[in-house]
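S.K.: Next comes the structure file model_10.tsv, holding TSV, C-alpha atoms.
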chain	number	residue	atom	x	y	z
A	15	MET	CA	77.27	119.10	61.17
A	16	ALA	CA	77.24	122.53	62.82
A	17	GLY	CA	78.50	120.93	66.01
A	18	VAL	CA	81.36	119.18	64.23
A	19	LEU	CA	82.47	122.42	62.57
A	20	GLU	CA	82.33	124.07	65.96
A	21	ALA	CA	84.69	121.42	67.36
A	22	GLN	CA	87.07	121.91	64.46
A	23	ALA	CA	87.04	125.70	64.91
A	24	LEU	CA	87.63	125.43	68.67
A	25	ALA	CA	91.12	123.95	68.29
A	26	PRO	CA	91.95	123.13	64.67
A	27	ALA	CA	95.33	121.51	65.26
A	28	ALA	CA	94.17	119.39	68.21
A	29	PHE	CA	90.97	118.46	66.39
A	30	SER	CA	92.90	117.30	63.35
A	31	ARG	CA	95.43	115.33	65.37
A	32	ILE	CA	92.91	113.64	67.63
A	33	ALA	CA	90.41	113.01	64.83
A	34	ASN	CA	93.02	111.43	62.58
A	35	THR	CA	94.17	109.04	65.28
A	36	TYR	CA	90.71	108.19	66.58
A	37	LEU	CA	89.38	107.59	63.09
A	38	GLN	CA	92.40	105.52	62.10
A	39	TRP	CA	91.94	103.32	65.15
A	40	CYS	CA	88.25	103.01	64.40
A	41	SER	CA	88.87	102.17	60.77
A	42	ASP	CA	91.54	99.61	61.64
A	43	ALA	CA	89.24	98.07	64.24
A	44	LEU	CA	86.12	97.94	62.10
A	45	GLY	CA	87.33	98.11	58.54
A	46	THR	CA	86.95	101.16	56.30
A	47	SER	CA	83.48	100.21	55.16
A	48	ALA	CA	82.26	100.09	58.74
A	49	LEU	CA	83.44	103.63	59.44
A	50	GLU	CA	80.22	104.90	57.91
A	51	ARG	CA	78.28	102.85	60.45
A	52	ALA	CA	80.27	104.44	63.28
A	53	VAL	CA	79.51	107.91	61.90
A	54	ASP	CA	75.82	107.02	61.67
A	55	ALA	CA	76.03	105.78	65.26
A	56	PHE	CA	77.47	109.14	66.30
A	57	ALA	CA	74.63	110.99	64.56
A	58	ASP	CA	72.06	108.74	66.23
A	59	PHE	CA	73.75	109.12	69.60
A	60	SER	CA	73.81	112.91	69.31
A	61	SER	CA	70.14	112.92	68.32
A	62	ALA	CA	69.28	110.66	71.28
A	63	VAL	CA	71.13	112.94	73.67
A	64	ASN	CA	69.28	115.99	72.36
A	65	LEU	CA	65.95	114.16	72.69
A	66	ALA	CA	66.76	113.04	76.24
A	67	GLN	CA	67.66	116.62	77.16
A	68	GLY	CA	64.38	117.81	75.70
A	69	ARG	CA	62.43	115.28	77.75
A	70	TYR	CA	64.45	116.28	80.82
A	71	GLU	CA	63.53	119.93	80.26
A	72	LEU	CA	59.84	119.00	80.17
A	73	ALA	CA	59.87	116.57	83.09
A	74	GLY	CA	62.39	118.36	85.32
A	75	HIS	CA	64.15	115.09	86.13
A	76	TYR	CA	65.99	112.25	84.40
A	77	GLU	CA	63.75	109.58	82.95
A	78	HIS	CA	65.19	106.51	84.66
A	79	LYS	CA	65.87	106.12	88.35
A	80	SER	CA	67.47	102.71	88.57
A	81	TYR	CA	70.24	100.74	86.96
A	82	ASP	CA	67.82	97.86	86.28
A	83	GLU	CA	65.61	100.10	84.17
A	84	CYS	CA	68.61	101.09	82.07
A	85	ARG	CA	69.90	97.54	81.82
A	86	ARG	CA	66.61	96.36	80.36
A	87	SER	CA	66.26	99.22	77.87
A	88	VAL	CA	69.90	99.79	76.91
A	89	TYR	CA	72.64	97.52	78.19
A	90	ASP	CA	71.16	94.10	77.40
A	91	ASP	CA	70.80	94.93	73.71
A	92	HIS	CA	74.18	94.08	72.15
A	93	ALA	CA	73.51	95.77	68.79
A	94	SER	CA	72.36	98.96	70.49
A	95	MET	CA	75.33	98.88	72.85
A	96	THR	CA	77.76	98.54	69.95
A	97	ASP	CA	76.36	101.56	68.16
A	98	TYR	CA	76.06	103.46	71.44
A	99	LEU	CA	79.74	102.94	72.26
A	100	TRP	CA	80.94	103.93	68.79
A	101	GLY	CA	78.76	107.01	69.00
A	102	VAL	CA	80.27	107.93	72.35
A	103	TYR	CA	83.77	107.21	70.98
A	104	LEU	CA	83.39	109.73	68.17
A	105	SER	CA	81.78	112.30	70.45
A	106	ASN	CA	85.11	112.55	72.31
A	107	PHE	CA	86.32	114.89	69.58
A	108	LEU	CA	83.27	115.67	67.41
A	109	TRP	CA	81.52	117.46	70.28
A	110	ALA	CA	83.38	120.73	70.85
A	111	HIS	CA	82.95	120.68	74.61
A	112	HIS	CA	84.24	117.10	74.82
A	113	LEU	CA	87.19	118.02	72.63
A	114	GLU	CA	87.96	120.59	75.35
A	115	LEU	CA	88.02	117.76	77.88
A	116	MET	CA	90.35	115.68	75.69
A	117	ILE	CA	92.72	118.66	75.51
A	118	PHE	CA	92.46	119.09	79.29
A	119	PHE	CA	93.22	115.38	79.70
A	120	GLU	CA	96.34	115.75	77.55
A	121	GLU	CA	97.61	119.00	78.97
A	122	ARG	CA	96.73	118.70	82.65
A	123	PHE	CA	96.69	114.98	83.44
A	124	LEU	CA	98.92	112.92	81.18
A	125	SER	CA	102.05	114.71	82.40
A	126	LYS	CA	101.36	113.13	85.79
A	127	VAL	CA	101.52	109.62	84.33
A	128	MET	CA	105.08	108.52	84.90
A	129	PRO	CA	106.88	105.96	82.72
A	130	GLY	CA	106.12	102.47	83.90
A	131	ALA	CA	102.93	103.48	85.69
A	132	ARG	CA	100.17	100.99	86.25
A	133	ILE	CA	96.81	102.34	85.09
A	134	VAL	CA	93.42	101.05	86.15
A	135	GLU	CA	90.55	102.17	83.98
A	136	ILE	CA	87.10	101.81	85.47
A	137	ALA	CA	84.31	101.35	82.94
A	138	PRO	CA	86.45	102.01	79.85
A	139	GLY	CA	83.43	101.65	77.57
A	140	HIS	CA	84.97	102.05	74.10
A	141	GLY	CA	88.43	102.21	75.67
A	142	GLY	CA	89.41	105.48	74.01
A	143	TRP	CA	90.50	107.41	77.09
A	144	GLY	CA	92.79	104.73	78.47
A	145	LEU	CA	94.29	103.96	75.07
A	146	TRP	CA	94.98	107.65	74.58
A	147	ALA	CA	96.88	107.61	77.87
A	148	LEU	CA	98.88	104.54	76.85
A	149	ASN	CA	99.64	106.06	73.48
A	150	ALA	CA	100.99	109.23	75.06
A	151	THR	CA	103.11	107.59	77.76
A	152	THR	CA	106.00	105.20	78.04
A	153	ASP	CA	106.04	101.66	79.42
A	154	THR	CA	102.65	102.10	81.04
A	155	ARG	CA	100.23	99.22	81.40
A	156	LEU	CA	96.48	99.35	81.71
A	157	THR	CA	93.81	97.05	83.07
A	158	GLY	CA	90.26	98.03	82.25
A	159	TYR	CA	87.24	96.71	84.13
A	160	ASP	CA	83.80	96.97	82.55
A	161	ILE	CA	80.54	95.21	83.29
A	162	SER	CA	79.68	95.08	79.58
A	163	ALA	CA	80.82	92.30	77.28
A	164	THR	CA	80.32	94.67	74.34
A	165	SER	CA	82.66	97.16	75.93
A	166	LYS	CA	85.31	94.52	76.47
A	167	ALA	CA	85.04	93.47	72.84
A	168	ILE	CA	85.26	96.98	71.42
A	169	ALA	CA	88.05	98.15	73.73
A	170	THR	CA	90.06	95.04	72.92
A	171	ARG	CA	89.65	95.59	69.17
A	172	LEU	CA	90.63	99.21	69.51
A	173	ALA	CA	93.72	98.27	71.52
A	174	VAL	CA	94.79	95.94	68.71
A	175	ALA	CA	94.09	98.65	66.14
A	176	ALA	CA	96.14	101.13	68.17
A	177	ASP	CA	99.00	98.61	68.44
A	178	LEU	CA	98.66	98.76	72.22
A	179	SER	CA	97.22	95.33	72.93
A	180	ASP	CA	100.43	94.19	74.63
A	181	ARG	CA	99.90	96.91	77.23
A	182	ALA	CA	96.12	96.87	77.64
A	183	ASP	CA	94.06	94.15	79.22
A	184	TYR	CA	90.28	94.31	79.52
A	185	VAL	CA	88.36	92.32	82.10
A	186	ARG	CA	84.62	91.89	82.15
A	187	ARG	CA	83.50	92.52	85.67
A	188	ASP	CA	81.76	95.04	87.87
A	189	ALA	CA	84.56	97.43	88.79
A	190	LEU	CA	82.75	98.43	91.97
A	191	GLN	CA	83.58	94.96	93.32
A	192	LEU	CA	87.29	95.81	93.25
A	193	SER	CA	86.87	97.39	96.67
A	194	ALA	CA	86.39	93.91	98.13
A	195	GLU	CA	89.88	92.82	97.04
A	196	PRO	CA	93.39	93.99	97.93
A	197	SER	CA	94.21	97.25	96.18
A	198	PRO	CA	96.21	96.92	92.96
A	199	GLN	CA	98.10	100.03	94.13
A	200	ALA	CA	97.84	101.64	90.74
A	201	GLN	CA	99.64	104.91	90.10
A	202	VAL	CA	96.82	106.11	87.88
A	203	CYS	CA	93.07	105.57	87.61
A	204	ILE	CA	90.87	106.74	84.75
A	205	CYS	CA	87.09	106.75	85.03
A	206	CYS	CA	85.07	108.71	82.52
A	207	PHE	CA	81.32	109.30	82.51
A	208	LEU	CA	80.25	106.42	84.71
A	209	VAL	CA	79.20	108.24	87.87
A	210	GLU	CA	75.94	109.62	86.47
A	211	HIS	CA	74.88	106.07	85.53
A	212	LEU	CA	74.98	104.85	89.13
A	213	GLU	CA	72.41	104.83	91.90
A	214	GLN	CA	75.12	105.32	94.55
A	215	PRO	CA	77.92	107.50	93.17
A	216	SER	CA	79.93	107.43	96.39
A	217	GLN	CA	80.70	103.75	95.80
A	218	LEU	CA	82.53	104.68	92.62
A	219	LEU	CA	84.71	107.29	94.26
A	220	ASP	CA	85.49	104.85	97.09
A	221	THR	CA	86.54	102.32	94.45
A	222	ILE	CA	88.76	104.82	92.65
A	223	SER	CA	90.43	105.67	95.93
A	224	HIS	CA	90.82	102.00	96.78
A	225	VAL	CA	92.58	101.00	93.55
A	226	LEU	CA	95.10	103.84	93.81
A	227	ALA	CA	98.35	103.80	95.70
A	228	PRO	CA	98.77	106.76	98.08
A	229	ALA	CA	99.51	109.90	96.02
A	230	GLY	CA	98.16	108.18	92.93
A	231	TYR	CA	96.32	110.28	90.36
A	232	ALA	CA	92.83	109.95	89.00
A	233	PHE	CA	91.18	111.45	85.96
A	234	PHE	CA	87.47	111.44	86.58
A	235	THR	CA	84.59	112.89	84.57
A	236	GLY	CA	80.88	113.24	85.15
A	237	ALA	CA	77.76	114.79	83.66
A	238	LEU	CA	75.72	117.54	85.30
A	239	THR	CA	72.10	118.31	84.33
A	240	ALA	CA	72.91	116.53	81.08
A	241	ALA	CA	70.41	113.87	80.20
A	242	GLN	CA	70.86	110.59	78.38
A	243	ILE	CA	68.51	107.64	78.36
A	244	ASP	CA	70.73	105.82	80.88
A	245	HIS	CA	71.67	108.69	83.18
A	246	ILE	CA	70.29	108.09	86.65
A	247	TYR	CA	72.00	110.35	89.16
A	248	GLU	CA	71.28	113.99	88.53
A	249	PHE	CA	74.25	116.10	89.59
A	250	ARG	CA	73.38	119.77	89.60
A	251	CYS	CA	76.56	121.51	90.87
A	252	GLU	CA	80.25	121.01	90.13
A	253	SER	CA	80.98	121.04	93.86
A	254	GLU	CA	79.07	117.77	94.26
A	255	LEU	CA	81.76	115.87	92.37
A	256	VAL	CA	84.56	117.60	94.26
A	257	LEU	CA	82.90	116.73	97.57
A	258	LEU	CA	82.39	113.09	96.56
A	259	GLY	CA	86.09	112.90	95.83
A	260	GLU	CA	87.04	114.41	99.17
A	261	GLN	CA	84.79	112.03	101.03
A	262	ALA	CA	86.67	109.18	99.38
A	263	GLY	CA	90.10	110.58	100.25
A	264	LEU	CA	90.76	112.19	96.89
A	265	ARG	CA	91.95	115.78	96.68
A	266	THR	CA	90.87	117.73	93.63
A	267	LEU	CA	93.88	119.36	91.99
A	268	GLU	CA	92.23	120.80	88.89
A	269	THR	CA	88.83	120.84	87.29
A	270	ARG	CA	87.33	121.74	83.98
A	271	SER	CA	83.61	122.19	83.46
A	272	VAL	CA	82.42	122.47	79.87
A	273	SER	CA	79.08	122.86	78.13
A	274	PRO	CA	77.87	122.91	74.53
A	275	ASN	CA	77.49	126.35	72.98
A	276	ARG	CA	74.14	125.46	71.43
A	277	ARG	CA	71.21	124.66	73.67
A	278	LEU	CA	67.53	123.99	73.37
A	279	LYS	CA	65.46	127.15	73.11
A	280	ASN	CA	64.30	128.44	76.52
A	281	ALA	CA	66.32	125.73	78.26
A	282	LYS	CA	66.19	125.75	82.07
A	283	PHE	CA	69.15	123.40	82.44
A	284	LEU	CA	72.73	123.89	81.32
A	285	PRO	CA	74.12	120.50	80.30
A	286	ARG	CA	77.70	120.19	81.53
A	287	SER	CA	80.53	117.71	81.48
A	288	MET	CA	83.12	118.05	84.18
A	289	ALA	CA	86.62	116.62	84.46
A	290	LEU	CA	88.60	116.41	87.66
A	291	VAL	CA	92.27	115.67	88.18
A	292	MET	CA	92.47	114.19	91.66
A	293	GLN	CA	95.16	112.78	93.92
A	294	LYS	CA	94.80	110.24	96.68
A	295	ARG	CA	95.89	111.53	100.04
A	296	THR	CA	98.95	109.98	101.66
A	297	SER	CA	97.85	110.18	105.27
A	298	ALA	CA	94.76	110.60	107.38
A	299	ASN	CA	95.25	114.36	107.20
A	300	TRP	CA	95.34	116.26	103.93
B	26	MET	CA	38.60	112.59	62.65
B	27	VAL	CA	41.98	114.28	62.95
B	28	ASP	CA	42.99	116.60	60.13
B	29	LEU	CA	46.62	115.60	60.36
B	30	THR	CA	47.98	118.07	57.85
B	31	ARG	CA	46.30	121.00	59.56
B	32	GLU	CA	47.42	119.88	63.03
B	33	ILE	CA	51.00	119.26	61.94
B	34	THR	CA	51.07	122.62	60.16
B	35	ASP	CA	49.84	124.28	63.36
B	36	VAL	CA	52.69	122.68	65.29
B	37	PHE	CA	55.24	123.78	62.72
B	38	ARG	CA	53.93	127.34	62.75
B	39	SER	CA	54.15	127.42	66.53
B	40	VAL	CA	57.62	125.90	66.79
B	41	PHE	CA	59.13	128.03	64.02
B	42	GLU	CA	57.07	131.11	64.95
B	43	ASP	CA	55.87	131.62	61.41
B	44	ASP	CA	52.10	131.88	60.90
B	45	ASP	CA	52.56	131.75	57.14
B	46	LEU	CA	54.58	128.55	57.11
B	47	ILE	CA	53.16	125.89	54.84
B	48	VAL	CA	54.39	122.32	55.02
B	49	THR	CA	53.66	119.39	52.79
B	50	ARG	CA	54.60	115.75	52.98
B	51	GLU	CA	57.67	116.54	50.91
B	52	THR	CA	58.93	119.30	53.20
B	53	THR	CA	62.35	118.62	54.71
B	54	ALA	CA	64.62	120.46	57.14
B	55	ALA	CA	66.34	122.16	54.23
B	56	ASP	CA	63.04	123.86	53.35
B	57	VAL	CA	62.39	125.43	56.74
B	58	SER	CA	64.61	128.15	58.14
B	59	GLY	CA	65.85	127.29	61.61
B	60	TRP	CA	65.04	123.60	61.44
B	61	ASP	CA	68.32	122.37	62.91
B	62	SER	CA	69.06	119.43	65.19
B	63	LEU	CA	67.90	121.23	68.33
B	64	GLN	CA	64.73	122.64	66.80
B	65	HIS	CA	64.09	119.12	65.53
B	66	VAL	CA	63.84	118.00	69.17
B	67	THR	CA	61.50	120.86	70.03
B	68	LEU	CA	59.38	119.98	66.99
B	69	VAL	CA	59.20	116.28	67.89
B	70	LEU	CA	58.29	116.99	71.52
B	71	SER	CA	55.63	119.45	70.39
B	72	VAL	CA	54.13	116.83	68.07
B	73	GLU	CA	54.19	114.32	70.93
B	74	ALA	CA	52.35	116.77	73.18
B	75	ARG	CA	49.82	117.66	70.50
B	76	PHE	CA	48.85	114.06	69.76
B	77	GLY	CA	49.61	112.35	73.05
B	78	ILE	CA	52.13	109.98	71.51
B	79	ARG	CA	55.80	109.18	71.99
B	80	PHE	CA	58.50	108.77	69.38
B	81	SER	CA	61.37	106.37	69.84
B	82	SER	CA	64.89	107.66	69.67
B	83	SER	CA	65.55	105.82	66.41
B	84	GLU	CA	62.41	107.30	64.83
B	85	VAL	CA	63.51	110.80	65.76
B	86	SER	CA	66.99	110.43	64.32
B	87	SER	CA	65.78	108.83	61.09
B	88	LEU	CA	63.04	111.34	60.23
B	89	ARG	CA	63.78	112.96	56.88
B	90	SER	CA	60.51	114.64	55.87
B	91	VAL	CA	57.22	115.88	57.16
B	92	GLY	CA	55.59	112.95	55.36
B	93	GLU	CA	57.57	110.46	57.43
B	94	LEU	CA	56.62	112.37	60.56
B	95	MET	CA	52.94	112.25	59.61
B	96	ASP	CA	53.14	108.53	58.86
B	97	ILE	CA	54.47	107.79	62.34
B	98	VAL	CA	51.81	109.95	63.96
B	99	GLU	CA	49.10	108.22	61.95
B	100	ARG	CA	50.40	104.77	62.95
B	101	ARG	CA	50.48	105.76	66.61
B	102	LEU	CA	46.98	107.23	66.50
B	103	ASN	CA	45.59	104.16	64.77
B	104	ARG	CA	47.06	102.00	67.50
B	105	GLN	CA	45.28	103.92	70.24
Any chance you could put this one into structure tokens?

M.R.:
Amino acid sequence: MAGVLEAQALAPAAFSRIANTYLQWCSDALGTSALERAVDAFADFSSAVNLAQGRYELAGHYEHKSYDECRRSVYDDHASMTDYLWGVYLSNFLWAHHLELMIFFEERFLSKVMPGARIVEIAPGHGGWGLWALNATTDTRLTGYDISATSKAIATRLAVAADLSDRADYVRRDALQLSAEPSPQAQVCICCFLVEHLEQPSQLLDTISHVLAPAGYAFFTGALTAAQIDHIYEFRCESELVLLGEQAGLRTLETRSVSPNRRLKNAKFLPRSMALVMQKRTSANW
Amino acid sequence: MVDLTREITDVFRSVFEDDDLIVTRETTAADVSGWDSLQHVTLVLSVEARFGIRFSSSEVSSLRSVGELMDIVERRLNRQ
């Protein structure tokens, strides 16, 4: 509860606006009676994150090293995935530092999304980020690619609840395979909090670059020294994400690195979430 | 034979830095100053270290009293 009050105090008007919309979408997608389950899922998710961070502090490294380990313990369990995604969905505004990222997304990225733009969302998860972009822009269309059937189901329900289903299409597939096909030449790509779940992060940045048209914009987020049960790649410095982008032909225009105000006692690690607004270069030279 | 109440009390006193702290099965977070969500993690990890056990994520988030904590520890110890 302390964390939620902190989010509300950080930016009361933005918190109220985002919370009202997010909760309305959630309620319309699940039914009012199921909202309580989503809130419980958020509480459980927050508790799990704190526990993972505590284990990380003791061990000095993330618990899992491979995607297969995570798939067995997390992704293959549909009920767990459903609660996990709703928990993540609510954390977008109930965690103060993630509310900061939502505000950054609105203020520093959405203005770059032109009317009529084609948006590709990689690993939409609950779908909240992409739907927020659609909701704030005109005549834009989004295709989301996620490896999880649960994600596709939830994102699709949310799109209906948000009255955006005519502009959002979700496809179940491994988005990293998009690099093997002709580029959709999207004007915009959104990819939030996937990179730390991958064994080879560079593949993701290459994919983001591939799906974009030259000069296209990407909104990309990642976690640094922030543990979750299914985080694999341990980023330690903000510059690592910037460099990954550059290596894939993406220039970083703006960044925002945020961390929770409250931490475990005597913590060695500062858990951070970082957002980058990037642009694909238009020629071989920057 | 493990004196569970004494061991758990020791852990609580260490985590909350209060040598006079007394906990019972009915003790909840509302009864202990500083027992917030983050100290809850420190407490759980300290109990794990003390007894050589591991809590699941769902057990940690659903704990509501010292009694429930002790019950889980007892079940784990009996399994070993």

S.K.: To one decimal place, how far is atom CA of Trp146 of chain A from atom CA of Met292 of chain A in Å?

M.R.: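 Taking atom CA of Trp146 of chain A as the start and atom CA of Met292 of chain A as the end point, the length is 18.5 Å.
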
S.K.: Can you tell me how far atom CA of Glu73 of chain B sits from atom CA of Ile47 of chain B, in Å to one decimal?

M.R.: 19.8 Å

S.K.: Calculated over only C-alpha atoms, which of the candidates A:Ala229, A:Ala62, A:Leu258, A:Leu172 has the smallest distance to chain B?

M.R.: A:Ala62

S.K.: Where does chain B meet chain A within 7 Å, residue by residue, with the nearest atom pair and distance in Å to one decimal for each, counting only C-alpha atoms, listed by chain and rising number, as JSON lines?

M.R.:
{"residue": "B:Leu63", "atom": "CA", "partner": "A:Leu278", "partner_atom": "CA", "distance": 5.8}
{"residue": "B:Val66", "atom": "CA", "partner": "A:Leu65", "partner_atom": "CA", "distance": 5.6}
{"residue": "B:Ser82", "atom": "CA", "partner": "A:Ala62", "partner_atom": "CA", "distance": 5.6}
{"residue": "B:Ser86", "atom": "CA", "partner": "A:Ser61", "partner_atom": "CA", "distance": 5.7}

S.K.: So, with all atoms listed in the file as the atoms that count, which of A:Gln214, A:His78, A:Leu104, A:Tyr89 lies closest to Ala52 of chain A?

M.R.: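 Answer, going by the shortest atom-to-atom distance: A:Leu104.
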
S.K.: Please list as a compact mmCIF listing (two decimals) with C-alpha atoms, keeping the file's coordinate frame every residue within 10 Å of Thr30 of chain B, counting all atoms listed in the file and excluding residues in the same chain fewer than 4 positions away.

M.R.:
# COMPACT_ATOMS: atom_id res chain seq x y z
CA THR B 34 51.07 122.62 60.16
CA ASP B 35 49.84 124.28 63.36
CA VAL B 36 52.69 122.68 65.29
CA ILE B 47 53.16 125.89 54.84
CA VAL B 48 54.39 122.32 55.02
CA THR B 49 53.66 119.39 52.79
CA ARG B 50 54.60 115.75 52.98
CA VAL B 91 57.22 115.88 57.16
CA GLY B 92 55.59 112.95 55.36
CA MET B 95 52.94 112.25 59.61

S.K.: Taking the point (76.6, 117.4, 81.7) as given in the file, collect each protein or nucleic acid residue that comes within 6 Å of it, counting all atoms listed in the file, and present the set as a PDB file with C-alpha atoms, in the frame of the given file.

M.R.:
ATOM      1  CA  ALA A 237      77.760 114.790  83.660  1.00  0.00           C
ATOM      2  CA  LEU A 238      75.720 117.540  85.300  1.00  0.00           C
ATOM      3  CA  THR A 239      72.100 118.310  84.330  1.00  0.00           C
ATOM      4  CA  ALA A 240      72.910 116.530  81.080  1.00  0.00           C
ATOM      5  CA  PRO A 285      74.120 120.500  80.300  1.00  0.00           C
ATOM      6  CA  ARG A 286      77.700 120.190  81.530  1.00  0.00           C
ATOM      7  CA  SER A 287      80.530 117.710  81.480  1.00  0.00           C
TER       8      SER A 287
END

S.K.: So the first atom is atom CA of Val57 of chain B and the second is atom CA of Leu284 of chain A; what is the distance between them in Å, to one decimal place?

M.R.: 26.7 Å

S.K.: Excluding Pro198 of chain A and residues on its chain fewer than 6 positions from it, collect all residues at most 10 Å away from it, counting only C-alpha atoms, and give them as a list in words.

M.R.: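 Listing them by chain and then by number gives Arg132, Ile133, Val134, Leu192, His224, Val225, Leu226 and Ala227 of chain A.
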
S.K.: Those residues with C-alpha atoms, as an mmCIF file, in the frame of the given file please?

M.R.:
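Generated file (part.cif):
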data_model
loop_
_atom_site.group_PDB
_atom_site.id
_atom_site.type_symbol
_atom_site.label_atom_id
_atom_site.label_comp_id
_atom_site.auth_asym_id
_atom_site.auth_seq_id
_atom_site.Cartn_x
_atom_site.Cartn_y
_atom_site.Cartn_z
ATOM 1 C CA ARG A 132 100.170 100.990 86.250
ATOM 2 C CA ILE A 133 96.810 102.340 85.090
ATOM 3 C CA VAL A 134 93.420 101.050 86.150
ATOM 4 C CA LEU A 192 87.290 95.810 93.250
ATOM 5 C CA HIS A 224 90.820 102.000 96.780
ATOM 6 C CA VAL A 225 92.580 101.000 93.550
ATOM 7 C CA LEU A 226 95.100 103.840 93.810
ATOM 8 C CA ALA A 227 98.350 103.800 95.700
#
